[in-house]
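Student: My file is my_file_10.txt. It has compact mmCIF, C-alpha atoms:
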```
# COMPACT_ATOMS: atom_id res chain seq x y z
CA MET A 1 107.29 90.09 94.17
CA ARG A 2 110.93 90.82 93.34
CA GLN A 3 111.83 94.30 92.14
CA THR A 4 113.28 92.94 88.90
CA GLU A 5 109.82 91.82 87.82
CA ILE A 6 108.41 95.36 87.48
CA LYS A 7 109.34 96.93 84.16
CA LEU A 8 106.35 99.26 83.55
CA LEU A 9 104.69 101.56 86.10
CA ALA A 10 101.36 103.20 85.23
CA LEU A 11 100.49 106.18 87.42
CA ASP A 12 97.11 107.82 87.69
CA LEU A 13 97.33 111.59 88.10
CA ASP A 14 94.49 113.23 90.05
CA GLY A 15 94.12 111.89 93.57
CA THR A 16 97.15 109.64 93.07
CA LEU A 17 100.20 111.59 91.96
CA ILE A 18 98.75 115.09 92.45
CA GLY A 19 96.19 116.63 94.78
CA ASP A 20 93.99 119.67 94.39
CA ASP A 21 97.06 121.93 94.29
CA LEU A 22 98.13 120.18 91.02
CA ILE A 23 101.74 120.05 92.24
CA ILE A 24 103.95 116.97 91.95
CA ALA A 25 105.71 116.63 95.31
CA PRO A 26 109.53 116.75 95.07
CA GLU A 27 109.85 113.39 96.82
CA ALA A 28 107.51 111.84 94.23
CA LYS A 29 109.64 113.26 91.42
CA GLU A 30 112.74 111.77 93.02
CA ALA A 31 111.12 108.35 93.47
CA ILE A 32 109.98 108.29 89.85
CA LYS A 33 113.42 109.40 88.67
CA ALA A 34 115.01 106.63 90.73
CA ALA A 35 112.64 104.05 89.25
CA VAL A 36 113.48 105.18 85.73
CA SER A 37 117.19 105.00 86.53
CA GLN A 38 116.65 101.34 87.43
CA GLY A 39 115.22 100.69 83.98
CA VAL A 40 111.54 100.92 84.85
CA ILE A 41 109.35 102.55 82.19
CA VAL A 42 106.92 105.05 83.74
CA THR A 43 103.79 106.39 82.09
CA LEU A 44 100.74 108.38 83.14
CA ALA A 45 97.29 106.81 82.85
CA THR A 46 94.69 109.51 83.31
CA GLY A 47 91.25 110.71 82.39
CA ARG A 48 92.75 114.07 81.55
CA MET A 49 93.05 115.45 78.06
CA PHE A 50 96.43 114.92 76.40
CA ARG A 51 97.16 118.66 76.47
CA SER A 52 96.37 118.67 80.20
CA ALA A 53 98.49 115.58 80.99
CA ARG A 54 101.48 116.49 78.83
CA PRO A 55 102.92 119.22 81.12
CA PHE A 56 103.08 116.71 83.99
CA ALA A 57 104.88 114.22 81.73
CA GLU A 58 107.34 116.93 80.70
CA GLU A 59 107.94 117.85 84.33
CA LEU A 60 108.78 114.19 85.02
CA ALA A 61 110.81 113.81 81.80
CA LEU A 62 108.65 110.88 80.69
CA LYS A 63 109.20 109.74 77.13
CA VAL A 64 106.73 106.89 76.58
CA PRO A 65 103.17 107.32 75.28
CA LEU A 66 100.59 108.65 77.74
CA ILE A 67 97.22 107.02 78.35
CA CYS A 68 94.68 109.86 78.27
CA TYR A 69 90.89 110.29 78.19
CA GLN A 70 90.39 107.07 80.20
CA GLY A 71 92.26 105.17 77.50
CA ALA A 72 90.40 106.65 74.51
CA MET A 73 93.66 108.29 73.37
CA VAL A 74 97.28 107.18 73.62
CA ARG A 75 99.74 109.82 72.47
CA ASN A 76 103.49 110.40 72.62
CA PRO A 77 104.39 113.39 74.85
CA ILE A 78 107.59 114.09 72.92
CA THR A 79 106.44 113.91 69.30
CA GLY A 80 102.71 114.40 69.77
CA GLU A 81 102.13 111.32 67.62
CA THR A 82 98.77 109.66 68.27
CA LEU A 83 99.11 105.91 68.61
CA PHE A 84 95.43 105.27 69.36
CA HIS A 85 92.25 107.34 69.34
CA GLN A 86 88.68 106.05 69.56
CA PRO A 87 85.99 108.75 69.96
CA ILE A 88 82.35 108.24 70.89
CA GLU A 89 79.98 107.46 68.04
CA LEU A 90 78.00 110.62 67.24
CA GLY A 91 74.56 109.12 67.84
CA LEU A 92 75.54 107.92 71.29
CA ALA A 93 77.15 111.27 72.09
CA ARG A 94 73.91 113.01 71.19
CA GLN A 95 71.89 110.64 73.38
CA PHE A 96 74.25 111.20 76.32
CA ILE A 97 74.07 114.99 76.01
CA MET A 98 70.27 114.91 75.72
CA GLN A 99 70.01 112.81 78.87
CA THR A 100 72.18 115.30 80.76
CA GLN A 101 70.11 118.21 79.47
CA GLU A 102 66.88 116.54 80.62
CA ARG A 103 68.36 116.24 84.12
CA GLY A 104 69.74 119.78 84.21
CA LEU A 105 73.32 118.51 84.43
CA HIS A 106 76.42 120.36 83.27
CA VAL A 107 78.32 118.43 80.58
CA HIS A 108 81.62 119.01 78.73
CA SER A 109 82.58 117.77 75.27
CA TYR A 110 86.17 117.08 74.16
CA VAL A 111 86.90 117.28 70.45
CA ASN A 112 90.39 117.31 68.88
CA ASP A 113 91.95 117.76 72.34
CA GLN A 114 89.92 120.92 72.98
CA LEU A 115 87.41 121.50 75.78
CA TYR A 116 83.93 122.73 74.79
CA VAL A 117 81.06 123.85 77.01
CA ALA A 118 77.60 125.30 76.44
CA ALA A 119 78.17 128.16 78.89
CA LEU A 120 80.85 129.37 81.29
CA THR A 121 79.19 128.11 84.48
CA GLU A 122 80.69 127.44 87.91
CA GLN A 123 81.23 123.85 86.80
CA ALA A 124 83.07 124.94 83.66
CA ARG A 125 85.30 127.28 85.67
CA PHE A 126 86.03 124.52 88.19
CA TYR A 127 87.08 122.10 85.47
CA SER A 128 89.14 124.69 83.60
CA ALA A 129 91.08 125.38 86.79
CA LEU A 130 91.51 121.66 87.48
CA SER A 131 92.71 120.85 83.95
CA ARG A 132 94.51 124.15 83.30
CA VAL A 133 92.73 124.26 79.95
CA GLU A 134 90.53 127.14 78.81
CA ALA A 135 86.96 126.10 78.03
CA GLN A 136 85.57 127.13 74.65
CA VAL A 137 81.94 128.33 74.89
CA VAL A 138 79.86 127.11 71.93
CA GLY A 139 76.24 127.30 73.08
CA ASN A 140 74.14 124.17 72.50
CA LEU A 141 76.54 121.21 72.48
CA LEU A 142 74.15 119.15 70.37
CA ASP A 143 74.37 121.71 67.58
CA PHE A 144 78.13 121.96 68.01
CA ILE A 145 78.95 118.25 67.73
CA ASN A 146 76.51 117.66 64.87
CA GLN A 147 79.23 118.49 62.35
CA PRO A 148 81.67 116.25 60.46
CA GLY A 149 84.75 115.38 62.50
CA ARG A 150 83.29 116.46 65.83
CA GLU A 151 82.70 113.10 67.47
CA PRO A 152 83.76 113.65 71.11
CA THR A 153 86.72 111.79 72.52
CA LYS A 154 85.04 112.07 75.91
CA LEU A 155 81.97 113.55 77.61
CA VAL A 156 82.07 114.59 81.25
CA ILE A 157 79.37 115.52 83.77
CA VAL A 158 80.54 117.96 86.43
CA THR A 159 78.35 117.77 89.52
CA GLU A 160 78.34 117.63 93.31
CA PRO A 161 80.32 114.83 95.02
CA GLU A 162 77.22 113.21 96.50
CA ARG A 163 75.73 112.75 93.02
CA THR A 164 78.63 111.08 91.20
CA TYR A 165 78.11 107.49 92.36
CA PRO A 166 74.31 107.54 91.72
CA LEU A 167 74.89 109.11 88.29
CA VAL A 168 77.43 106.44 87.32
CA ALA A 169 74.86 103.76 88.16
CA GLU A 170 72.04 105.63 86.41
CA PHE A 171 73.96 106.23 83.18
CA GLU A 172 75.38 102.71 83.14
CA ALA A 173 71.80 101.44 83.22
CA LEU A 174 70.72 103.91 80.52
CA PHE A 175 73.47 102.95 78.07
CA GLU A 176 73.88 99.26 78.95
CA GLY A 177 77.46 98.82 77.76
CA ARG A 178 77.12 101.16 74.77
CA LEU A 179 79.35 103.64 76.62
CA TYR A 180 82.01 103.15 79.28
CA ILE A 181 80.83 105.23 82.26
CA THR A 182 83.10 105.85 85.23
CA ARG A 183 83.95 108.16 88.13
CA SER A 184 87.38 109.79 87.98
CA HIS A 185 87.09 112.52 90.62
CA ALA A 186 84.74 113.43 93.45
CA ARG A 187 82.86 115.74 91.04
CA LEU A 188 83.31 114.03 87.67
CA VAL A 189 81.33 111.34 85.83
CA GLU A 190 82.95 110.44 82.51
CA ALA A 191 81.86 108.66 79.34
CA VAL A 192 84.04 107.29 76.53
CA ASN A 193 83.80 104.73 73.76
CA PRO A 194 82.88 101.33 75.27
CA GLY A 195 85.95 99.73 73.70
CA CYS A 196 88.22 101.98 75.75
CA ASN A 197 89.47 102.07 79.31
CA LYS A 198 92.79 102.45 81.10
CA GLY A 199 93.28 98.70 81.31
CA ILE A 200 92.86 98.07 77.59
CA ALA A 201 95.25 100.91 76.78
CA LEU A 202 97.78 99.75 79.39
CA GLN A 203 97.78 96.24 77.97
CA ALA A 204 98.32 97.55 74.43
CA LEU A 205 101.16 99.80 75.62
CA ALA A 206 102.84 96.98 77.55
CA GLN A 207 102.62 94.62 74.60
CA SER A 208 104.06 97.27 72.28
CA LEU A 209 107.04 97.44 74.66
CA GLY A 210 107.40 93.65 74.67
CA LEU A 211 106.24 93.36 78.29
CA ALA A 212 103.81 90.98 79.98
CA ALA A 213 101.22 91.78 82.64
CA GLN A 214 103.49 90.18 85.27
CA GLN A 215 105.92 93.06 84.70
CA VAL A 216 103.33 95.83 85.12
CA MET A 217 102.45 97.80 88.26
CA ALA A 218 99.54 100.26 88.45
CA ILE A 219 98.80 102.87 91.13
CA GLY A 220 95.42 104.56 91.37
CA ASP A 221 92.67 106.01 93.54
CA ASN A 222 89.29 105.91 91.80
CA LEU A 223 86.80 103.79 89.87
CA ASN A 224 88.40 104.64 86.53
CA ASP A 225 91.54 102.84 87.73
CA LEU A 226 89.75 99.50 88.18
CA PRO A 227 90.41 98.43 84.56
CA MET A 228 94.15 98.93 85.15
CA PHE A 229 93.80 96.57 88.11
CA ASP A 230 92.18 94.04 85.78
CA TYR A 231 95.39 93.94 83.76
CA ALA A 232 98.38 94.86 85.93
CA SER A 233 100.02 92.13 87.96
CA LEU A 234 100.71 94.45 90.90
CA LYS A 235 97.81 96.68 91.91
CA ILE A 236 98.39 99.53 94.37
CA ALA A 237 95.71 101.76 95.90
CA VAL A 238 96.74 104.94 97.71
CA ALA A 239 95.28 105.49 101.18
CA ASN A 240 92.71 108.00 99.92
CA ALA A 241 91.40 105.61 97.24
CA ALA A 242 87.78 104.61 96.76
CA ALA A 243 86.69 101.54 98.73
CA GLU A 244 86.11 99.57 95.51
CA LEU A 245 89.73 100.08 94.49
CA LYS A 246 91.11 99.20 97.91
CA ALA A 247 89.15 95.96 97.83
CA ARG A 248 90.89 94.96 94.59
CA ALA A 249 94.38 96.14 95.51
CA ASP A 250 97.34 93.92 96.32
CA TYR A 251 98.60 96.67 98.59
CA VAL A 252 97.04 99.81 100.09
CA THR A 253 99.55 102.48 101.03
CA GLN A 254 99.59 104.19 104.40
CA GLY A 255 100.29 107.53 102.73
CA GLU A 256 97.78 109.50 100.71
CA ILE A 257 98.24 110.77 97.14
CA ALA A 258 101.95 111.43 96.33
CA GLN A 259 103.19 110.05 99.64
CA GLY A 260 101.46 106.79 98.80
CA VAL A 261 103.12 106.76 95.37
CA VAL A 262 106.54 107.24 96.96
CA GLU A 263 105.79 104.48 99.46
CA ALA A 264 104.77 102.05 96.71
CA ILE A 265 107.76 102.80 94.49
CA LYS A 266 110.19 102.36 97.37
CA ARG A 267 108.55 99.14 98.55
CA PHE A 268 108.06 97.36 95.23
CA ILE A 269 110.68 98.85 92.89
CA LEU A 270 113.54 100.51 94.75
CA ASP A 271 113.74 98.15 97.73
```
Now that the file is in, can you turn its structure into structure tokens?
Tutor:
Amino acid sequence: MRQTEIKLLALDLDGTLIGDDLIIAPEAKEAIKAAVSQGVIVTLATGRMFRSARPFAEELALKVPLICYQGAMVRNPITGETLFHQPIELGLARQFIMQTQERGLHVHSYVNDQLYVAALTEQARFYSALSRVEAQVVGNLLDFINQPGREPTKLVIVTEPERTYPLVAEFEALFEGRLYITRSHARLVEAVNPGCNKGIALQALAQSLGLAAQQVMAIGDNLNDLPMFDYASLKIAVANAAAELKARADYVTQGEIAQGVVEAIKRFILD
């Protein structure tokens, strides 16, 4: 693939551009800056809340809309304008929360770009630190969301790494396509509206920019990046990516996380 063919680069954040330290490596910043200087449009495609993703976009001086909440929200980091937002239908949100309560699982609800939890548990503290967003404690989440205008943009189970894959399979079977269930992090199982994913949002963004799939490159590391691979012409998995993503990738980097991003940008855009 010639470098002139790539006009839009979609970057996952956690596990792809940033690690547990939440720092964008200087060499990754430079590679992204160089790509932009060549006329490539760069966006972030993440499961994170908009308010959690926006500081990274500002650090990278990105100006195009960000794909957030696994594609359930697309919002401009400069103006804050929401281009797309599709929350979970309230009845389904209630069912999901009840299923987590029956299993003794910790779940978060995201409403109006705010993070809500039933109690400030270890899981809530972990996610607050990861997202750099303070969790709002509201008691019973079922009572909280059962109000007008409180349909969640996303629901997230925070659990142990060994439970995430089984829980994805279990909740996919429970909801049978009525929710999009995915794994975004070693400890996170996420649910959004079934009409949303990173791939759908990436396609809509590309088309709004007058670009075709053949001009789009996506870099990711986890199951929630698979829909981007369904759309993007050039699919890159970083070395630390899940096996399912590596199996679908056109190229697997030798470097992990940010080093893999730098490697991919140099190989397919700058070189």
Student: For Lys29 of chain A, which of A:Ala191, A:Leu174, A:Ala61, A:Leu8 is the closest residue, counting only C-alpha atoms?
Tutor: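 Result for the nearest residue to Lys29 of chain A: A:Ala61.
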Student: Could you give me, as a PDB file with C-alpha atoms, in the frame of the given file, the residues within 8 Å of Arg48 of chain A, counting only C-alpha atoms and dropping anything in the same chain fewer than 6 positions from it?
Tutor:
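After the write, around-v6.pdb holds the following:
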```pdb
ATOM      1  CA  CYS A  68      94.680 109.860  78.270  1.00  0.00           C
ATOM      2  CA  TYR A  69      90.890 110.290  78.190  1.00  0.00           C
ATOM      3  CA  GLN A  70      90.390 107.070  80.200  1.00  0.00           C
ATOM      4  CA  SER A 131      92.710 120.850  83.950  1.00  0.00           C
TER       5      SER A 131
END
```
Student: For segment 73-76 of chain A, find every residue with an atom within 8 Å (counting only C-alpha atoms), except residues of its own chain fewer than 3 positions away, and show them as an MDAnalysis selection string.
Tutor: chainID A and resid 50 63:70 79:86 153 201
Student: List as a ChimeraX atom specification the protein and nucleic acid residues near Arg183 of chain A, meaning an atom at most 9 Å away when all atoms listed in the file are counted, but skip any in the same chain fewer than 5 places from it.
Tutor: /A:164-165,168,188-190,222-224
Student: For a quick check of understanding, using only C-alpha atoms, which of A:Ala124, A:Ile41, A:Leu202, A:Ala53 has the smallest distance to Leu17 of chain A?
Tutor: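 Among the listed residues, the smallest separation from Leu17 of chain A belongs to A:Ala53.
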Student: Using only C-alpha atoms, which of the listed residues (A:Ala186, A:Ala258, A:Cys196, A:Leu11) sits closest to Ala242 of chain A?
Tutor: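 Nearest to Ala242 of chain A: A:Ala186.
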Student: Which one is closest to Leu226 of chain A: A:Ile6, A:Asp271, A:Phe171, A:Ala45? Count all atoms listed in the file.
Tutor: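 Looking only at the distances to Leu226 of chain A, the closest residue turns out to be A:Ala45.
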Student: Extract, using all atoms listed in the file, all DNA, RNA and protein residues at most 12 Å from Arg132 of chain A, discarding same-chain residues fewer than 2 positions from it, and format them as a ChimeraX atom specification.
Tutor: /A:20-22,48-56,114-115,124-130,134-135
Student: Which of these, A:Gly71, A:Pro77, A:Gly47, A:Gly39, has the shortest distance to Ala204 of chain A once you count only C-alpha atoms?
Tutor: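 Closest to Ala204 of chain A, using only C-alpha atoms: A:Gly71.
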Student: Draw an axis-aligned box over all listed atoms of segment 245-255 of chain A, pad each side with 8 Å, and write its centre and edge lengths in Å, one decimal, as AutoDock Vina command-line options.
Tutor:
```
--center_x 94.7 --center_y 100.7 --center_z 99.4 --size_x 27.1 --size_y 29.6 --size_z 25.9
```
Student: Taking only C-alpha atoms into account, name the residue in A:Asp12, A:Ala241, A:Gln203, A:His185 that is nearest to Glu162 of chain A.
Tutor: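 Closest candidate: A:His185.
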Student: When you draw a straight line from atom CA of Ile265 of chain A to atom CA of Ala31 of chain A, how long is it in Å?
Tutor: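 For atom CA of Ile265 of chain A relative to atom CA of Ala31 of chain A, the distance reads 6.6 Å.
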Student: Show me, as a list in words, the residues that have an atom within 10 Å of Leu90 of chain A when counting only C-alpha atoms, minus same-chain residues fewer than 5 positions from it.
Tutor: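 Listed by chain and then number, they are Gln95, Phe96, Leu142, Ile145, Asn146, Gln147, Pro148, Gly149, Arg150, Glu151 and Pro152 of chain A.
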Student: How about completing segment 119-147 of chain A with N, CA and C atoms and giving it to me as a CSV table (one decimal), in the coordinates of the input?
Tutor:
```csv
chain,number,residue,atom,x,y,z
A,119,ALA,N,78.1,126.8,78.2
A,119,ALA,CA,78.2,128.2,78.9
A,119,ALA,C,79.3,128.1,80.0
A,120,LEU,N,79.8,129.3,80.3
A,120,LEU,CA,80.8,129.4,81.3
A,120,LEU,C,80.2,129.4,82.7
A,121,THR,N,79.8,128.2,83.2
A,121,THR,CA,79.2,128.1,84.5
A,121,THR,C,80.2,127.9,85.6
A,122,GLU,N,79.8,127.8,86.8
A,122,GLU,CA,80.7,127.4,87.9
A,122,GLU,C,81.4,126.1,87.6
A,123,GLN,N,80.6,125.2,87.1
A,123,GLN,CA,81.2,123.8,86.8
A,123,GLN,C,82.3,123.9,85.7
A,124,ALA,N,82.1,124.8,84.7
A,124,ALA,CA,83.1,124.9,83.7
A,124,ALA,C,84.3,125.6,84.2
A,125,ARG,N,84.2,126.6,85.1
A,125,ARG,CA,85.3,127.3,85.7
A,125,ARG,C,86.1,126.3,86.6
A,126,PHE,N,85.4,125.5,87.3
A,126,PHE,CA,86.0,124.5,88.2
A,126,PHE,C,86.9,123.6,87.3
A,127,TYR,N,86.3,123.1,86.3
A,127,TYR,CA,87.1,122.1,85.5
A,127,TYR,C,88.2,122.8,84.7
A,128,SER,N,88.0,124.0,84.3
A,128,SER,CA,89.1,124.7,83.6
A,128,SER,C,90.3,124.9,84.5
A,129,ALA,N,90.0,125.2,85.8
A,129,ALA,CA,91.1,125.4,86.8
A,129,ALA,C,91.8,124.0,87.1
A,130,LEU,N,91.0,123.0,87.2
A,130,LEU,CA,91.5,121.7,87.5
A,130,LEU,C,92.4,121.2,86.3
A,131,SER,N,92.0,121.4,85.1
A,131,SER,CA,92.7,120.8,84.0
A,131,SER,C,93.7,121.8,83.4
A,132,ARG,N,93.7,123.1,83.8
A,132,ARG,CA,94.5,124.2,83.3
A,132,ARG,C,94.3,124.3,81.8
A,133,VAL,N,93.1,124.1,81.4
A,133,VAL,CA,92.7,124.3,80.0
A,133,VAL,C,91.5,125.2,79.9
A,134,GLU,N,91.6,126.2,79.0
A,134,GLU,CA,90.5,127.1,78.8
A,134,GLU,C,89.4,126.5,78.1
A,135,ALA,N,88.2,126.7,78.6
A,135,ALA,CA,87.0,126.1,78.0
A,135,ALA,C,86.5,127.0,76.9
A,136,GLN,N,86.1,126.4,75.8
A,136,GLN,CA,85.6,127.1,74.6
A,136,GLN,C,84.0,127.1,74.7
A,137,VAL,N,83.4,128.3,74.8
A,137,VAL,CA,81.9,128.3,74.9
A,137,VAL,C,81.3,128.3,73.5
A,138,VAL,N,80.4,127.3,73.3
A,138,VAL,CA,79.9,127.1,71.9
A,138,VAL,C,78.3,127.1,71.9
A,139,GLY,N,77.7,127.4,73.1
A,139,GLY,CA,76.2,127.3,73.1
A,139,GLY,C,75.8,125.9,73.1
A,140,ASN,N,74.7,125.5,72.4
A,140,ASN,CA,74.1,124.2,72.5
A,140,ASN,C,75.2,123.1,72.0
A,141,LEU,N,75.5,122.2,72.9
A,141,LEU,CA,76.5,121.2,72.5
A,141,LEU,C,76.0,120.3,71.4
A,142,LEU,N,74.7,120.0,71.4
A,142,LEU,CA,74.2,119.2,70.4
A,142,LEU,C,74.4,119.7,69.0
A,143,ASP,N,74.1,121.0,68.9
A,143,ASP,CA,74.4,121.7,67.6
A,143,ASP,C,75.9,121.7,67.2
A,144,PHE,N,76.7,121.9,68.2
A,144,PHE,CA,78.1,122.0,68.0
A,144,PHE,C,78.7,120.6,67.5
A,145,ILE,N,78.3,119.5,68.1
A,145,ILE,CA,79.0,118.2,67.7
A,145,ILE,C,78.3,117.7,66.5
A,146,ASN,N,77.2,118.2,66.0
A,146,ASN,CA,76.5,117.7,64.9
A,146,ASN,C,77.1,118.2,63.6
A,147,GLN,N,78.5,118.1,63.5
A,147,GLN,CA,79.2,118.5,62.4
A,147,GLN,C,80.3,117.4,62.0
```
